[in-house]
$ cat structure02.cif   # mmCIF, C-alpha atoms
data_structure
#
loop_
_atom_site.label_atom_id
_atom_site.label_comp_id
_atom_site.auth_asym_id
_atom_site.auth_seq_id
_atom_site.Cartn_x
_atom_site.Cartn_y
_atom_site.Cartn_z
CA MET A 1 145.67 26.30 55.91
CA VAL A 2 149.36 25.65 56.49
CA VAL A 3 151.58 26.81 53.66
CA GLN A 4 154.26 24.23 53.01
CA GLY A 5 157.69 25.45 51.98
CA GLY A 6 160.60 23.07 52.05
CA GLY A 7 163.13 25.49 50.63
CA ARG A 8 164.80 26.67 53.78
CA ALA A 9 166.37 23.35 54.75
CA GLY A 10 168.07 23.22 51.35
CA CYS A 11 169.36 26.76 51.80
CA GLN A 12 170.92 25.80 55.11
CA SER A 13 172.78 22.80 53.75
CA GLY A 14 174.01 24.65 50.65
CA ALA A 15 175.21 27.63 52.61
CA ALA A 16 176.90 25.35 55.10
CA GLY A 17 178.82 23.67 52.27
CA ARG A 18 180.05 26.99 50.96
CA GLY A 19 181.20 27.92 54.44
CA GLN A 20 183.40 24.87 54.93
CA GLY A 21 186.31 26.43 53.05
CA MET A 22 186.28 29.32 55.48
CA ALA A 23 186.88 27.19 58.54
CA SER A 24 190.22 25.71 59.55
CA ALA A 25 190.92 22.10 58.58
CA VAL A 26 192.37 19.45 60.88
CA LEU A 27 195.12 17.23 59.43
CA GLU A 28 195.93 13.65 60.37
CA GLY A 29 197.71 13.50 63.69
CA GLY A 30 195.79 16.49 64.99
CA GLU A 31 197.88 19.23 63.32
CA ARG A 32 195.74 22.26 62.46
CA ARG A 33 196.16 23.92 59.07
CA ALA A 34 195.09 27.52 58.52
CA GLY A 35 192.14 28.00 56.15
CA PRO A 36 191.61 31.15 54.09
CA GLU A 37 190.68 33.07 57.23
CA GLN A 38 193.91 32.08 59.01
CA GLU A 39 196.70 32.95 56.56
CA PRO A 40 199.82 33.97 58.48
CA GLU A 41 200.36 37.69 58.78
CA PRO A 42 203.73 39.29 58.00
CA GLY A 43 206.13 38.35 60.75
CA GLY A 44 204.77 34.84 61.13
CA LYS A 45 201.70 35.76 63.23
CA ARG A 46 198.33 34.20 62.48
CA LYS A 47 195.03 36.10 62.32
CA PRO A 48 192.71 35.33 65.25
CA GLU A 49 190.78 32.14 64.51
CA ALA A 50 187.64 33.30 66.37
CA GLY A 51 187.30 36.37 64.18
CA GLY A 52 187.42 34.28 61.05
CA GLN A 53 184.74 31.94 62.35
CA LEU A 54 182.47 34.85 63.25
CA GLN A 55 182.88 36.37 59.81
CA ALA A 56 182.14 33.01 58.21
CA ALA A 57 179.02 32.56 60.31
CA LYS A 58 177.85 36.09 59.49
CA ARG A 59 178.29 35.53 55.75
CA LEU A 60 176.49 32.21 56.03
CA LYS A 61 173.50 33.86 57.74
CA GLU A 62 173.40 36.69 55.21
CA ASP A 63 173.52 34.21 52.33
CA GLN A 64 170.78 32.12 53.97
CA SER A 65 168.50 35.14 54.38
CA LYS A 66 168.97 36.15 50.74
CA LYS A 67 168.20 32.66 49.51
CA CYS A 68 165.18 32.23 51.80
CA PRO A 69 163.14 35.45 51.96
CA LYS A 70 160.44 35.72 54.60
CA ARG A 71 156.79 35.91 53.56
CA LYS A 72 153.91 37.93 55.02
CA VAL A 73 151.31 35.71 56.69
CA VAL A 74 148.57 35.91 59.29
CA LEU A 75 148.25 33.55 62.23
CA LEU A 76 144.88 32.75 63.78
CA LEU A 77 145.69 32.70 67.49
CA ALA A 78 143.57 31.46 70.41
CA TYR A 79 144.49 31.75 74.06
CA SER A 80 143.24 31.74 77.61
CA GLY A 81 144.28 35.04 79.16
CA LYS A 82 144.32 33.88 82.77
CA GLY A 83 147.77 34.32 84.26
CA TYR A 84 148.94 36.73 81.55
CA HIS A 85 149.24 40.51 81.64
CA GLY A 86 147.61 41.01 78.28
CA MET A 87 148.56 40.33 74.69
CA GLN A 88 151.23 42.92 73.95
CA ARG A 89 154.86 42.21 74.70
CA ASN A 90 156.86 44.60 76.86
CA VAL A 91 160.39 44.16 75.54
CA GLY A 92 162.98 44.48 78.31
CA SER A 93 160.47 43.76 81.07
CA SER A 94 160.33 40.21 82.41
CA GLN A 95 158.17 41.11 85.41
CA PHE A 96 154.85 40.61 83.63
CA LYS A 97 154.34 37.65 81.30
CA THR A 98 152.31 38.29 78.14
CA ILE A 99 150.88 36.19 75.31
CA GLU A 100 153.35 37.67 72.84
CA ASP A 101 156.27 36.65 75.06
CA GLU A 102 155.22 33.03 74.65
CA LEU A 103 154.52 33.43 70.93
CA VAL A 104 157.88 35.04 70.09
CA LYS A 105 159.80 32.37 72.01
CA ALA A 106 157.92 29.68 70.09
CA LEU A 107 158.63 31.36 66.73
CA VAL A 108 162.36 31.50 67.49
CA LYS A 109 162.47 27.87 68.68
CA ALA A 110 160.56 26.76 65.58
CA GLU A 111 163.29 28.52 63.54
CA CYS A 112 160.82 30.39 61.35
CA ILE A 113 162.27 33.80 62.32
CA PRO A 114 165.85 34.86 63.07
CA GLU A 115 166.64 35.05 66.76
CA ASN A 116 167.28 38.80 66.65
CA HIS A 117 163.72 39.36 65.41
CA GLY A 118 162.54 38.25 68.83
CA ASP A 119 164.28 41.26 70.36
CA ASP A 120 162.91 43.72 67.81
CA MET A 121 159.50 42.64 66.52
CA ARG A 122 159.48 45.44 63.95
CA LYS A 123 162.02 43.43 61.94
CA MET A 124 159.33 40.86 61.18
CA SER A 125 156.62 43.53 60.62
CA PHE A 126 154.67 42.13 63.57
CA GLN A 127 151.20 43.56 64.27
CA ARG A 128 148.32 42.26 66.36
CA CYS A 129 144.69 43.03 65.57
CA ALA A 130 143.83 43.94 69.17
CA ARG A 131 145.76 44.34 72.40
CA THR A 132 143.70 42.35 74.84
CA ASP A 133 144.44 43.32 78.41
CA LYS A 134 145.21 41.37 81.57
CA GLY A 135 143.14 38.21 81.93
CA VAL A 136 141.24 38.69 78.66
CA SER A 137 141.08 35.65 76.36
CA ALA A 138 140.76 35.30 72.59
CA ALA A 139 139.34 32.68 70.26
CA GLY A 140 140.09 34.60 67.06
CA GLN A 141 143.04 36.93 67.51
CA ILE A 142 144.88 37.69 64.25
CA VAL A 143 148.56 38.65 64.06
CA SER A 144 150.40 39.53 60.85
CA LEU A 145 154.14 39.05 60.42
CA LYS A 146 156.90 37.96 58.06
CA LEU A 147 158.48 34.54 58.56
CA TRP A 148 160.12 31.63 56.78
CA LEU A 149 157.60 29.15 55.43
CA ILE A 150 159.29 26.01 56.71
CA ASP A 151 157.72 22.54 56.60
CA ASP A 152 155.10 21.73 59.25
CA LEU A 153 155.26 25.34 60.40
CA VAL A 154 152.08 25.46 62.52
CA ASP A 155 152.88 22.16 64.24
CA LYS A 156 156.40 23.33 65.08
CA ILE A 157 155.16 26.60 66.56
CA ASN A 158 152.44 24.86 68.59
CA GLY A 159 155.00 22.36 69.84
CA ASN A 160 156.77 25.21 71.60
CA LEU A 161 153.66 26.92 73.01
CA PRO A 162 152.01 26.20 76.39
CA PRO A 163 148.64 24.35 76.25
CA GLY A 164 146.52 27.48 76.77
CA ILE A 165 147.88 29.17 73.62
CA LYS A 166 147.48 27.71 70.14
CA ILE A 167 147.89 28.64 66.48
CA LEU A 168 144.74 27.41 64.76
CA GLY A 169 145.47 28.57 61.23
CA LEU A 170 147.88 30.31 58.86
CA LYS A 171 147.31 32.09 55.54
CA ARG A 172 149.45 34.09 53.13
CA VAL A 173 148.49 37.75 52.76
CA THR A 174 149.61 40.73 50.68
CA GLY A 175 152.95 42.32 51.51
CA ARG A 176 151.39 45.49 52.91
CA PHE A 177 148.75 43.73 55.00
CA ASN A 178 148.49 45.07 58.57
CA SER A 179 146.18 43.14 60.88
CA LYS A 180 145.25 46.19 62.94
CA ASN A 181 144.69 48.73 60.16
CA THR A 182 143.10 46.31 57.67
CA CYS A 183 140.52 45.04 60.18
CA ASP A 184 136.97 46.29 59.50
CA ALA A 185 135.37 45.23 62.78
CA ARG A 186 135.81 43.17 65.93
CA THR A 187 133.36 40.89 67.70
CA TYR A 188 133.69 40.26 71.43
CA PHE A 189 131.62 38.13 73.75
CA TYR A 190 131.19 38.45 77.49
CA MET A 191 130.18 35.48 79.61
CA LEU A 192 128.53 36.19 82.97
CA PRO A 193 126.20 34.53 85.50
CA THR A 194 122.60 35.56 84.80
CA LEU A 195 122.26 36.45 88.48
CA ALA A 196 123.84 39.73 87.41
CA PHE A 197 120.49 40.65 85.81
CA ALA A 198 118.41 39.90 88.91
CA HIS A 199 116.78 42.85 90.67
CA LYS A 200 118.89 44.44 93.40
CA ASP A 201 116.43 43.21 96.05
CA HIS A 202 116.87 39.58 94.95
CA ASP A 203 119.13 37.33 97.01
CA TRP A 204 122.51 37.72 95.33
CA GLN A 205 123.60 34.29 96.56
CA ASP A 206 120.62 32.41 95.08
CA PRO A 207 122.09 29.47 93.10
CA GLU A 208 118.66 28.61 91.72
CA TYR A 209 118.12 31.93 89.96
CA ARG A 210 117.04 31.60 86.33
CA LEU A 211 116.63 34.46 83.86
CA SER A 212 113.05 34.70 82.63
CA SER A 213 112.21 35.30 78.97
CA GLY A 214 110.77 38.68 79.93
CA ALA A 215 113.99 39.71 81.70
CA LEU A 216 116.05 38.51 78.73
CA GLY A 217 113.89 40.65 76.44
CA HIS A 218 114.47 43.65 78.70
CA VAL A 219 118.24 43.10 78.57
CA ASN A 220 118.23 42.83 74.78
CA ARG A 221 116.13 45.94 74.39
CA LEU A 222 118.68 47.92 76.40
CA LEU A 223 121.66 46.40 74.58
CA ALA A 224 120.08 47.30 71.23
CA CYS A 225 120.17 50.97 72.26
CA TYR A 226 123.93 50.91 71.69
CA LYS A 227 123.55 50.18 67.97
CA GLY A 228 124.67 52.99 65.71
CA THR A 229 127.14 55.81 66.28
CA HIS A 230 127.35 57.33 69.76
CA ASN A 231 129.73 59.46 71.78
CA PHE A 232 131.30 57.03 74.27
CA HIS A 233 133.48 59.50 76.15
CA ASN A 234 131.85 58.36 79.42
CA PHE A 235 132.80 54.75 78.65
CA THR A 236 136.59 55.18 78.66
CA SER A 237 139.33 57.25 80.32
CA GLY A 238 140.99 60.45 79.25
CA LYS A 239 138.60 61.52 76.50
CA GLY A 240 136.42 64.61 76.52
CA PRO A 241 132.94 64.85 74.97
CA ARG A 242 134.26 66.90 72.05
CA ASP A 243 137.03 64.48 71.16
CA PRO A 244 136.08 63.10 67.71
CA SER A 245 137.71 59.75 68.51
CA ALA A 246 135.17 59.15 71.29
CA LYS A 247 132.51 58.50 68.65
CA ARG A 248 132.27 54.79 67.87
CA TYR A 249 130.01 52.74 65.62
CA ILE A 250 128.34 49.64 67.07
CA MET A 251 126.86 47.21 64.55
CA GLU A 252 125.09 44.85 66.94
CA MET A 253 124.85 43.91 70.60
CA PHE A 254 122.65 41.25 72.14
CA CYS A 255 122.38 38.56 74.81
CA GLU A 256 122.03 34.91 73.78
CA ALA A 257 119.75 32.40 75.51
CA PRO A 258 121.08 31.33 78.91
CA PHE A 259 122.52 27.89 79.67
CA VAL A 260 123.62 26.00 82.78
CA ARG A 261 127.15 24.85 83.58
CA GLN A 262 128.22 23.33 86.89
CA GLY A 263 124.91 24.33 88.44
CA VAL A 264 125.29 27.99 87.47
CA GLU A 265 123.12 29.67 84.84
CA LEU A 266 125.23 31.72 82.46
CA ALA A 267 124.64 33.90 79.44
CA VAL A 268 126.82 35.25 76.64
CA LEU A 269 126.58 38.86 75.43
CA LYS A 270 127.96 39.62 71.98
CA VAL A 271 128.98 42.97 70.57
CA LYS A 272 130.33 43.84 67.12
CA GLY A 273 131.82 47.22 66.37
CA GLN A 274 134.37 48.89 64.15
CA SER A 275 136.67 49.49 67.10
CA PHE A 276 136.52 49.94 70.84
CA MET A 277 138.22 52.16 73.38
CA MET A 278 139.77 51.01 76.60
CA HIS A 279 137.11 49.83 79.07
CA GLN A 280 134.31 50.62 76.61
CA ILE A 281 132.75 47.16 76.37
CA ARG A 282 132.91 46.51 80.09
CA LYS A 283 131.30 49.87 80.83
CA MET A 284 128.59 49.30 78.23
CA ILE A 285 127.74 46.04 79.99
CA GLY A 286 128.10 47.57 83.44
CA LEU A 287 125.60 50.33 82.71
CA VAL A 288 122.99 47.90 81.35
CA ILE A 289 123.36 45.73 84.46
CA ALA A 290 122.90 48.80 86.66
CA VAL A 291 119.66 49.66 84.83
CA VAL A 292 118.27 46.11 84.82
CA ARG A 293 118.97 45.69 88.54
CA GLY A 294 117.17 48.93 89.35
CA HIS A 295 120.14 51.07 90.39
CA ALA A 296 119.78 53.54 87.52
CA PRO A 297 116.91 54.75 85.29
CA GLU A 298 116.79 53.82 81.60
CA SER A 299 117.18 57.50 80.73
CA ILE A 300 120.82 57.29 81.80
CA MET A 301 121.61 55.44 78.58
CA ALA A 302 120.92 58.44 76.34
CA ARG A 303 122.32 60.85 78.94
CA SER A 304 125.65 59.03 78.95
CA TRP A 305 126.15 59.94 75.28
CA GLY A 306 125.74 63.67 75.96
CA GLU A 307 128.37 66.18 77.01
CA GLU A 308 127.91 65.84 80.74
CA LYS A 309 130.06 63.47 82.74
CA VAL A 310 128.13 60.41 83.92
CA ASP A 311 129.28 57.83 86.45
CA VAL A 312 129.36 54.59 84.44
CA PRO A 313 130.33 51.39 86.31
CA LYS A 314 132.86 49.01 84.76
CA ALA A 315 132.00 45.30 84.78
CA PRO A 316 134.76 42.80 85.72
CA GLY A 317 137.30 41.79 83.10
CA LEU A 318 136.70 38.08 83.64
CA GLY A 319 134.39 36.80 80.92
CA LEU A 320 135.54 39.14 78.14
CA VAL A 321 136.79 37.32 75.03
CA LEU A 322 137.91 38.53 71.60
CA ASP A 323 135.81 36.22 69.45
CA THR A 324 136.22 37.23 65.80
CA VAL A 325 137.98 39.87 63.73
CA HIS A 326 136.54 40.84 60.36
CA PHE A 327 138.27 41.73 57.07
CA GLU A 328 135.39 42.21 54.62
CA LYS A 329 137.08 44.88 52.46
CA TYR A 330 140.31 42.90 52.19
CA ASN A 331 138.39 39.73 51.34
CA ASN A 332 136.42 41.49 48.60
CA ARG A 333 139.58 42.86 47.01
CA PHE A 334 142.07 40.01 47.44
CA GLY A 335 140.10 36.96 48.56
CA ASN A 336 139.42 35.76 45.01
CA ASP A 337 142.45 37.10 43.16
CA GLY A 338 143.81 33.61 42.52
CA VAL A 339 146.84 34.20 44.74
CA HIS A 340 145.50 34.93 48.21
CA GLU A 341 142.71 33.46 50.31
CA ALA A 342 139.86 35.21 52.06
CA LEU A 343 140.54 35.62 55.77
CA GLU A 344 137.67 33.40 56.84
CA TRP A 345 137.95 30.32 59.03
CA ALA A 346 134.74 28.35 58.53
CA ASP A 347 136.76 25.23 57.67
CA ILE A 348 138.30 25.12 61.15
CA GLU A 349 135.24 26.28 63.11
CA GLU A 350 135.23 22.98 65.02
CA GLN A 351 138.80 23.55 66.18
CA ILE A 352 137.92 27.06 67.37
CA LEU A 353 134.91 25.76 69.29
CA ALA A 354 136.99 22.94 70.77
CA PHE A 355 139.55 25.44 72.08
CA LYS A 356 136.78 27.50 73.68
CA GLU A 357 135.33 24.39 75.34
CA ASP A 358 138.72 23.13 76.51
CA TYR A 359 140.39 26.32 77.71
CA ILE A 360 138.27 29.49 77.66
CA TYR A 361 134.84 28.52 79.01
CA PRO A 362 136.15 26.29 81.85
CA THR A 363 138.58 28.98 82.99
CA ILE A 364 135.89 31.67 83.12
CA ILE A 365 133.38 29.44 84.92
CA LYS A 366 135.87 27.97 87.40
CA THR A 367 137.34 31.38 88.25
CA GLU A 368 133.89 32.93 88.70
CA ILE A 369 132.78 30.13 91.04
CA GLU A 370 135.97 30.33 93.09
CA GLU A 371 136.53 34.09 93.16
CA GLN A 372 132.97 35.39 92.59
CA SER A 373 134.26 38.47 90.78
CA MET A 374 130.82 39.34 89.41
CA THR A 375 129.14 38.98 92.78
CA SER A 376 131.75 41.18 94.44
CA TRP A 377 131.35 43.81 91.74
CA LEU A 378 127.53 43.79 92.04
CA ASN A 379 127.93 44.78 95.69
CA THR A 380 129.75 47.97 94.59
CA LEU A 381 126.89 49.25 92.39
CA PRO A 382 125.04 51.00 95.26
CA ILE A 383 128.01 53.30 95.87
CA HIS A 384 127.72 54.77 92.36
CA ASP A 385 125.80 58.04 92.09
CA PHE A 386 123.90 57.73 88.83
CA SER A 387 122.18 61.09 89.28
CA ALA A 388 125.35 63.12 89.72
CA THR A 389 126.72 64.89 86.65
CA VAL A 390 129.69 67.07 85.83
CA SER A 391 129.87 69.26 82.75
CA GLY A 392 131.87 67.40 80.16
CA VAL A 393 133.50 70.59 78.89
CA GLN A 394 135.39 70.71 82.19
CA LEU A 395 137.53 67.83 80.97
CA ASN A 396 140.98 68.78 79.84
CA ALA A 397 140.89 68.60 76.04
CA ASN A 398 144.68 68.73 75.76
CA HIS A 399 145.08 65.74 78.07
CA SER A 400 142.48 63.91 76.03
CA LYS A 401 144.54 64.49 72.89
CA GLU A 402 147.77 63.34 74.53
CA VAL A 403 146.40 60.02 75.65
CA SER A 404 144.12 59.33 72.67
CA ASP A 405 146.54 56.88 71.09
CA ASP A 406 146.94 54.97 74.37
CA MET A 407 143.24 54.73 74.98
CA ASP A 408 142.29 52.98 71.75
CA GLU A 409 141.55 49.40 72.65
CA ASP A 410 142.11 48.02 69.21
CA GLY A 411 145.43 49.71 69.11
CA CYS A 412 146.30 49.65 72.73
CA ASP A 413 144.71 47.73 75.44
CA GLY A 414 142.91 45.39 73.23
CA ASP A 415 139.38 46.29 72.71
CA ASP A 416 138.49 46.55 76.22
CA SER A 417 139.58 45.12 79.40
CA ASP A 418 141.96 45.97 82.11
#
$ encode --input "structure02.cif" --output "structure tokens"
Amino acid sequence: MVVQGGGRAGCQSGAAGRGQGMASAVLEGGERRAGPEQEPEPGGKRKPEAGGQLQAAKRLKEDQSKKCPKRKVVLLLAYSGKGYHGMQRNVGSSQFKTIEDELVKALVKAECIPENHGDDMRKMSFQRCARTDKGVSAAGQIVSLKLWLIDDLVDKINGNLPPGIKILGLKRVTGRFNSKNTCDARTYFYMLPTLAFAHKDHDWQDPEYRLSSGALGHVNRLLACYKGTHNFHNFTSGKGPRDPSAKRYIMEMFCEAPFVRQGVELAVLKVKGQSFMMHQIRKMIGLVIAVVRGHAPESIMARSWGEEKVDVPKAPGLGLVLDTVHFEKYNNRFGNDGVHEALEWADIEEQILAFKEDYIYPTIIKTEIEEQSMTSWLNTLPIHDFSATVSGVQLNANHSKEVSDDMDEDGCDGDDSD
């Protein structure tokens, strides 16, 4: 829902009128008469005209901001991550382009935030729900921020965004809402060719491979093992087995029925959890693939949650997508208070699906066919030693503590990827 607010245009015109008396006036014949900011100084000298104009402009902006306060909203954001170095903006670094770089530029051009807010995003209380990493896409990213509710706001922002990034919805939220901290859970999906689940002795270049119902059942049985709370220290970097933050709660994980696109059979794995650490989802998928293909025994699943260090392979980043973020507690408290709306998007589900079909799915499939990232990664599985172990207590606990904030995917790298 787009919140309409036509007040800001009126503020601009009114403030501009009040500022006219501050500027110098031009008389007939071209003679310039000093306005209030240009009264002659003692000795016949005039005050600098430029300084008066700057002061007038500053007062005009201050008056405009007071008359038109910004409001806290959330934006439902979808994007194809190909060609971007993740979601989070790196202010002062133009070397790597990010999704937030494009979003901030569009917000400034749409004139729904002051230009200086683009340089310091804290001024607009900006927060993203998850920091997706390089190449990772999103169909349901949520960002919270304060902005001016101008007319046709969503259309104006989208008009300044590239085709692969789009605002799909906007809703007002409470003043203290924080998209990262208020989020109850995140759902990701991972699209991959089903050939990844073929036995290691099967021809890895077989375009006719189709996943049998029995093999799909085997995959789902292994994925279901992740449900519940486990110690995922082996599924990230920099965390020891006794680090409390390594324990994560997984609500569900399963593989949907396969389908064929451009002659390739594909499948989508979905996982919902409270939060994820960096690399966690890709390693969860990588280990299941290693077991299904016959590189590792099923017992490695339970062993990976113990204290010993286990070699867990990390599946490619291509195919990982932030699908949905969940705000059940917020919705229960504020969704029916008569002022705010529940953060649910069933009314624009068709738009979300259309974006996936137009930008996310084609990019994943085309890139996989051209670059064969999954096939290349499958060829590295034999070099992993799934029987080797190292005592987890040998990990440096202090180092784990120092990097714990940087390793949280929902507050760092974006729920997996890299």
$ residues_near_point --input "structure02.cif" --point "(138.2, 35.6, 82.6)" --cutoff "12 Å" --atoms "only C-alpha atoms" --output "ChimeraX atom specification"
/A:79-84,86,132-138,189-192,315-322,359-374,417-418
$ closest_residue --input "structure02.cif" --among "A:Phe232, A:Phe177, A:Trp204, A:Phe126" --to "Arg293 of chain A" --atoms "all atoms listed in the file"
A:Trp204
$ resolve_selection --input "structure02.cif" --expression "the PyMOL selection byres ((chain A and resi 164-173) around 9)" --output "JSON, numbers by chain"
{"A": [1, 2, 3, 71, 72, 73, 74, 75, 76, 77, 78, 79, 80, 81, 99, 102, 103, 140, 144, 154, 155, 157, 158, 161, 162, 163, 174, 175, 176, 177, 334, 339, 340, 341, 342, 343, 345, 348, 351, 352, 355, 358, 359, 360]}
$ atom_distance --input "structure02.cif" --atom1 "atom CA of Cys225 of chain A" --atom2 "atom CA of Val264 of chain A"
28.0 Å
$ closest_residue --input "structure02.cif" --among "A:Glu357, A:Asp311, A:Glu252, A:Asp206" --to "Ser237 of chain A" --atoms "all atoms listed in the file"
A:Asp311
$ atom_distance --input "structure02.cif" --atom1 "atom CA of Asn181 of chain A" --atom2 "atom CA of Pro241 of chain A"
24.8 Å
$ resolve_selection --input "structure02.cif" --expression "the PyMOL selection byres ((chain A and resi 111-118) around 10)" --output "number ranges by chain"
A: 8, 61, 65, 70, 91, 101, 103-110, 119-126, 145-151, 153, 156-157
$ residues_near_point --input "structure02.cif" --point "(135.8, 45.1, 61.3)" --cutoff "8 Å" --atoms "all atoms listed in the file" --output "ChimeraX atom specification"
/A:183-186,273-275,325-328
$ resolve_selection --input "structure02.cif" --expression "the PyMOL selection byres ((chain A and resi 379-390) around 6)" --output "list in words"
Glu308, Lys309, Val310, Asp311, Ser376, Trp377, Leu378 and Ser391 of chain A
$ write_last_selection --input "structure02.cif" --atoms "C-alpha atoms" --output "mmCIF file, in the frame of the given file"
data_model
loop_
_atom_site.group_PDB
_atom_site.id
_atom_site.type_symbol
_atom_site.label_atom_id
_atom_site.label_comp_id
_atom_site.auth_asym_id
_atom_site.auth_seq_id
_atom_site.Cartn_x
_atom_site.Cartn_y
_atom_site.Cartn_z
ATOM 1 C CA GLU A 308 127.910 65.840 80.740
ATOM 2 C CA LYS A 309 130.060 63.470 82.740
ATOM 3 C CA VAL A 310 128.130 60.410 83.920
ATOM 4 C CA ASP A 311 129.280 57.830 86.450
ATOM 5 C CA SER A 376 131.750 41.180 94.440
ATOM 6 C CA TRP A 377 131.350 43.810 91.740
ATOM 7 C CA LEU A 378 127.530 43.790 92.040
ATOM 8 C CA SER A 391 129.870 69.260 82.750
#
$ axis_aligned_box --input "structure02.cif" --around "segment 100-108 of chain A" --padding-each-side "3 Å" --output "AutoDock Vina command-line options"
--center_x 157.9 --center_y 33.7 --center_z 70.9 --size_x 15.0 --size_y 14.0 --size_z 14.3
$ atom_distance --input "structure02.cif" --atom1 "atom CA of Leu269 of chain A" --atom2 "atom CA of Phe254 of chain A"
5.7 Å
$ residues_around --input "structure02.cif" --residues "segment 194-200 of chain A" --least-positions-apart "2" --cutoff "9 Å" --atoms "only C-alpha atoms" --output "PyMOL selection string"
chain A and resi 192+202-207+209-211+215-216+219+258+264-267+288-290+292-295+374-375+378
$ closest_residue --input "structure02.cif" --among "A:Ile285, A:Val312, A:Met251, A:Met87" --to "Glu100 of chain A" --atoms "all atoms listed in the file"
A:Met87
$ residues_around --input "structure02.cif" --residues "Cys129 of chain A" --least-positions-apart "5" --cutoff "7 Å" --atoms "all atoms listed in the file" --output "CSV table (one decimal) with C-alpha atoms, keeping the file's coordinate frame"
chain,number,residue,atom,x,y,z
A,141,GLN,CA,143.0,36.9,67.5
A,142,ILE,CA,144.9,37.7,64.2
A,143,VAL,CA,148.6,38.6,64.1
A,179,SER,CA,146.2,43.1,60.9
A,180,LYS,CA,145.2,46.2,62.9
A,410,ASP,CA,142.1,48.0,69.2
